[in-house]
Amino acid sequence: MNKTLLLAALAVLTTGVAQADGAADYTAGGCSACHGALGVSAIPTYPSLAGQQAAYVVKQLKDFQSGARKDPTMNAMAQMVVGKEQGIADYLAGLK
């Protein structure tokens with residue numbers, strides 16, 4: 001029983017740390033400037049990302065990074081978060 005509680009507590013703490021890292025990477029990567037501090041854009045031309053499925057966000061970022069998806073701004077911005085895609089995606093998926 002104690003081992004189960006310890007594993008559950010560790011999972012909660014790890015998730016919290018990952019969410020904090022994702023939030024920090026989202027802000028530091030410049031994402032919040034266009035997509036909103038909490039993933040809700042105030043500018044209609046920039047999509048809101050809060051609540052998006054993590055796998056979708058990761059794919060889009062990787063496609064912008066590789067050039068498979070073309071947008072001058074996003075092709076440049078996505079380069080700033082190489083290696084941090086999953087954390088950002090998990091953070092955004094947790095927002096509503």
# chains A, B, ... in the order shown; residues from 1 in each chain; ligands from 1
call {"tool": "residues_around", "arguments": {"residues": "stretch 43-46 of chain A", "least_positions_apart": "6", "cutoff": "9 Å", "atoms": "only C-alpha atoms", "output": "PyMOL selection string"}}
result
chain A and resi 34-36
call {"tool": "residues_around", "arguments": {"residues": "A:Gly94", "least_positions_apart": "6", "cutoff": "10 Å", "atoms": "only C-alpha atoms", "output": "ChimeraX atom specification"}}
result
/A:19,50-54
call {"tool": "residues_around", "arguments": {"residues": "A:Ala23", "least_positions_apart": "4", "cutoff": "12 Å", "atoms": "only C-alpha atoms", "output": "list in words"}}
result
Gly16, Val17, Ala18, Gln19, Thr27, Ala28, Gly29, Gly30, Cys31, Ser32, Gly36, Ala37, Leu38, Gly39, Ala50, Lys84, Glu85, Gln86, Gly87, Ile88, Ala89, Asp90, Tyr91, Leu92, Ala93, Gly94 and Leu95 of chain A
call {"tool": "write_last_selection", "arguments": {"atoms": "N, CA and C atoms", "output": "CSV table (one decimal), in the first residue's frame"}}
result
chain,number,residue,atom,x,y,z
A,16,GLY,N,3.5,17.7,-12.4
A,16,GLY,CA,3.5,19.1,-12.0
A,16,GLY,C,4.8,19.8,-12.5
A,17,VAL,N,5.9,19.1,-12.4
A,17,VAL,CA,7.2,19.7,-12.8
A,17,VAL,C,7.2,19.8,-14.3
A,18,ALA,N,6.7,18.8,-15.0
A,18,ALA,CA,6.6,18.8,-16.5
A,18,ALA,C,5.7,19.9,-17.0
A,19,GLN,N,4.6,20.1,-16.3
A,19,GLN,CA,3.7,21.2,-16.7
A,19,GLN,C,4.4,22.6,-16.5
A,27,THR,N,6.5,30.1,-22.8
A,27,THR,CA,6.7,31.6,-22.6
A,27,THR,C,8.1,32.0,-23.2
A,28,ALA,N,9.1,31.3,-22.8
A,28,ALA,CA,10.5,31.6,-23.2
A,28,ALA,C,10.7,31.5,-24.7
A,29,GLY,N,9.9,30.5,-25.3
A,29,GLY,CA,10.0,30.3,-26.8
A,29,GLY,C,9.3,31.4,-27.6
A,30,GLY,N,8.6,32.3,-26.9
A,30,GLY,CA,7.9,33.4,-27.6
A,30,GLY,C,6.5,33.0,-28.0
A,31,CYS,N,6.1,31.8,-27.7
A,31,CYS,CA,4.7,31.4,-28.2
A,31,CYS,C,3.6,32.3,-27.6
A,32,SER,N,3.7,32.7,-26.4
A,32,SER,CA,2.7,33.4,-25.7
A,32,SER,C,2.5,34.8,-26.3
A,36,GLY,N,-1.2,33.8,-26.9
A,36,GLY,CA,-1.8,34.2,-25.6
A,36,GLY,C,-1.0,33.5,-24.4
A,37,ALA,N,-1.0,34.2,-23.3
A,37,ALA,CA,-0.3,33.7,-22.1
A,37,ALA,C,-0.8,32.3,-21.7
A,38,LEU,N,-2.1,32.1,-21.8
A,38,LEU,CA,-2.6,30.8,-21.4
A,38,LEU,C,-3.2,30.0,-22.6
A,39,GLY,N,-2.5,30.3,-23.8
A,39,GLY,CA,-2.9,29.6,-25.0
A,39,GLY,C,-4.2,30.0,-25.7
A,50,ALA,N,-4.8,26.5,-26.5
A,50,ALA,CA,-5.3,25.8,-25.2
A,50,ALA,C,-6.2,24.7,-25.5
A,84,LYS,N,11.9,20.8,-27.1
A,84,LYS,CA,10.9,21.2,-26.0
A,84,LYS,C,9.5,21.0,-26.5
A,85,GLU,N,9.3,20.4,-27.7
A,85,GLU,CA,7.9,20.3,-28.3
A,85,GLU,C,7.0,19.6,-27.4
A,86,GLN,N,7.4,18.4,-26.8
A,86,GLN,CA,6.5,17.6,-26.0
A,86,GLN,C,6.0,18.3,-24.8
A,87,GLY,N,6.9,19.0,-24.1
A,87,GLY,CA,6.6,19.7,-22.9
A,87,GLY,C,5.6,20.8,-23.1
A,88,ILE,N,5.8,21.6,-24.2
A,88,ILE,CA,4.9,22.6,-24.6
A,88,ILE,C,3.6,22.1,-24.9
A,89,ALA,N,3.6,21.0,-25.7
A,89,ALA,CA,2.3,20.4,-26.1
A,89,ALA,C,1.5,19.9,-24.9
A,90,ASP,N,2.2,19.2,-24.0
A,90,ASP,CA,1.5,18.7,-22.8
A,90,ASP,C,1.0,19.9,-22.0
A,91,TYR,N,1.7,21.0,-21.9
A,91,TYR,CA,1.2,22.2,-21.2
A,91,TYR,C,-0.1,22.7,-21.8
A,92,LEU,N,0.0,22.9,-23.2
A,92,LEU,CA,-1.2,23.4,-23.9
A,92,LEU,C,-2.4,22.4,-23.8
A,93,ALA,N,-2.1,21.1,-23.8
A,93,ALA,CA,-3.2,20.2,-23.8
A,93,ALA,C,-3.9,20.2,-22.4
A,94,GLY,N,-3.2,20.6,-21.4
A,94,GLY,CA,-3.8,20.7,-20.0
A,94,GLY,C,-4.6,22.0,-19.8
A,95,LEU,N,-4.5,23.0,-20.7
A,95,LEU,CA,-5.2,24.2,-20.6
A,95,LEU,C,-6.6,24.1,-21.2
call {"tool": "residues_around", "arguments": {"residues": "stretch 60-68 of chain A", "least_positions_apart": "2", "cutoff": "7 Å", "atoms": "only C-alpha atoms", "output": "list of chain:residue names"}}
result
A:Tyr56, A:Val57, A:Val58, A:Lys70, A:Met74, A:Asn75, A:Ala78, A:Gln79, A:Glu85
call {"tool": "atom_distance", "arguments": {"atom1": "atom CA of A:Ser41", "atom2": "atom CA of A:Lys96"}}
result
12.5 Å
call {"tool": "atom_distance", "arguments": {"atom1": "atom CA of A:Thr73", "atom2": "atom CA of A:Ala55"}}
result
21.4 Å
call {"tool": "atom_distance", "arguments": {"atom1": "atom CA of A:Asp25", "atom2": "atom CA of A:Val81"}}
result
7.3 Å
call {"tool": "select_by_dssp", "arguments": {"residues": "stretch 7-89 of chain A", "states": "alpha helix (DSSP H)", "output": "mmCIF file with C-alpha atoms, in the first residue's frame"}}
result
data_model
loop_
_atom_site.group_PDB
_atom_site.id
_atom_site.type_symbol
_atom_site.label_atom_id
_atom_site.label_comp_id
_atom_site.auth_asym_id
_atom_site.auth_seq_id
_atom_site.Cartn_x
_atom_site.Cartn_y
_atom_site.Cartn_z
ATOM 1 C CA LEU A 7 4.352 5.958 -6.804
ATOM 2 C CA ALA A 8 1.135 7.962 -7.091
ATOM 3 C CA ALA A 9 2.699 10.931 -5.290
ATOM 4 C CA LEU A 10 5.765 10.740 -7.517
ATOM 5 C CA ALA A 11 3.566 10.716 -10.628
ATOM 6 C CA VAL A 12 1.709 13.819 -9.433
ATOM 7 C CA LEU A 13 4.950 15.651 -8.630
ATOM 8 C CA THR A 14 6.537 14.679 -11.951
ATOM 9 C CA THR A 15 3.467 15.843 -13.867
ATOM 10 C CA GLY A 16 3.523 19.150 -12.011
ATOM 11 C CA VAL A 17 7.201 19.682 -12.821
ATOM 12 C CA ALA A 18 6.639 18.774 -16.474
ATOM 13 C CA GLN A 19 3.712 21.211 -16.662
ATOM 14 C CA ALA A 20 5.842 23.982 -15.130
ATOM 15 C CA ASP A 21 8.674 23.267 -17.577
ATOM 16 C CA GLY A 22 6.257 23.258 -20.503
ATOM 17 C CA ALA A 23 4.768 26.563 -19.376
ATOM 18 C CA ALA A 24 8.226 28.098 -19.026
ATOM 19 C CA ASP A 25 9.296 26.803 -22.449
ATOM 20 C CA TYR A 26 6.061 28.104 -23.999
ATOM 21 C CA THR A 27 6.737 31.585 -22.628
ATOM 22 C CA ALA A 28 10.505 31.598 -23.234
ATOM 23 C CA CYS A 31 4.742 31.378 -28.159
ATOM 24 C CA SER A 32 2.666 33.423 -25.730
ATOM 25 C CA ALA A 33 3.294 36.654 -27.642
ATOM 26 C CA CYS A 34 0.925 35.559 -30.417
ATOM 27 C CA HIS A 35 -0.989 32.583 -28.998
ATOM 28 C CA ALA A 54 -0.494 17.144 -27.507
ATOM 29 C CA ALA A 55 0.291 14.858 -30.457
ATOM 30 C CA TYR A 56 -1.161 17.431 -32.861
ATOM 31 C CA VAL A 57 0.909 20.284 -31.405
ATOM 32 C CA VAL A 58 4.120 18.233 -31.513
ATOM 33 C CA LYS A 59 3.489 17.302 -35.152
ATOM 34 C CA GLN A 60 2.794 20.886 -36.173
ATOM 35 C CA LEU A 61 5.917 22.198 -34.428
ATOM 36 C CA LYS A 62 8.077 19.517 -36.031
ATOM 37 C CA ASP A 63 6.533 20.224 -39.437
ATOM 38 C CA PHE A 64 7.301 23.934 -39.057
ATOM 39 C CA GLN A 65 10.854 23.087 -37.960
ATOM 40 C CA SER A 66 11.481 20.819 -40.945
ATOM 41 C CA PRO A 72 7.553 32.500 -42.387
ATOM 42 C CA THR A 73 6.873 33.403 -38.768
ATOM 43 C CA MET A 74 6.233 29.896 -37.468
ATOM 44 C CA ASN A 75 9.138 28.348 -39.400
ATOM 45 C CA ALA A 76 11.435 30.742 -37.513
ATOM 46 C CA MET A 77 9.674 30.584 -34.135
ATOM 47 C CA ALA A 78 9.480 26.779 -34.070
ATOM 48 C CA GLU A 85 7.947 20.320 -28.266
ATOM 49 C CA GLN A 86 6.453 17.621 -26.028
ATOM 50 C CA GLY A 87 6.595 19.719 -22.859
ATOM 51 C CA ILE A 88 4.933 22.650 -24.586
ATOM 52 C CA ALA A 89 2.328 20.372 -26.139
#
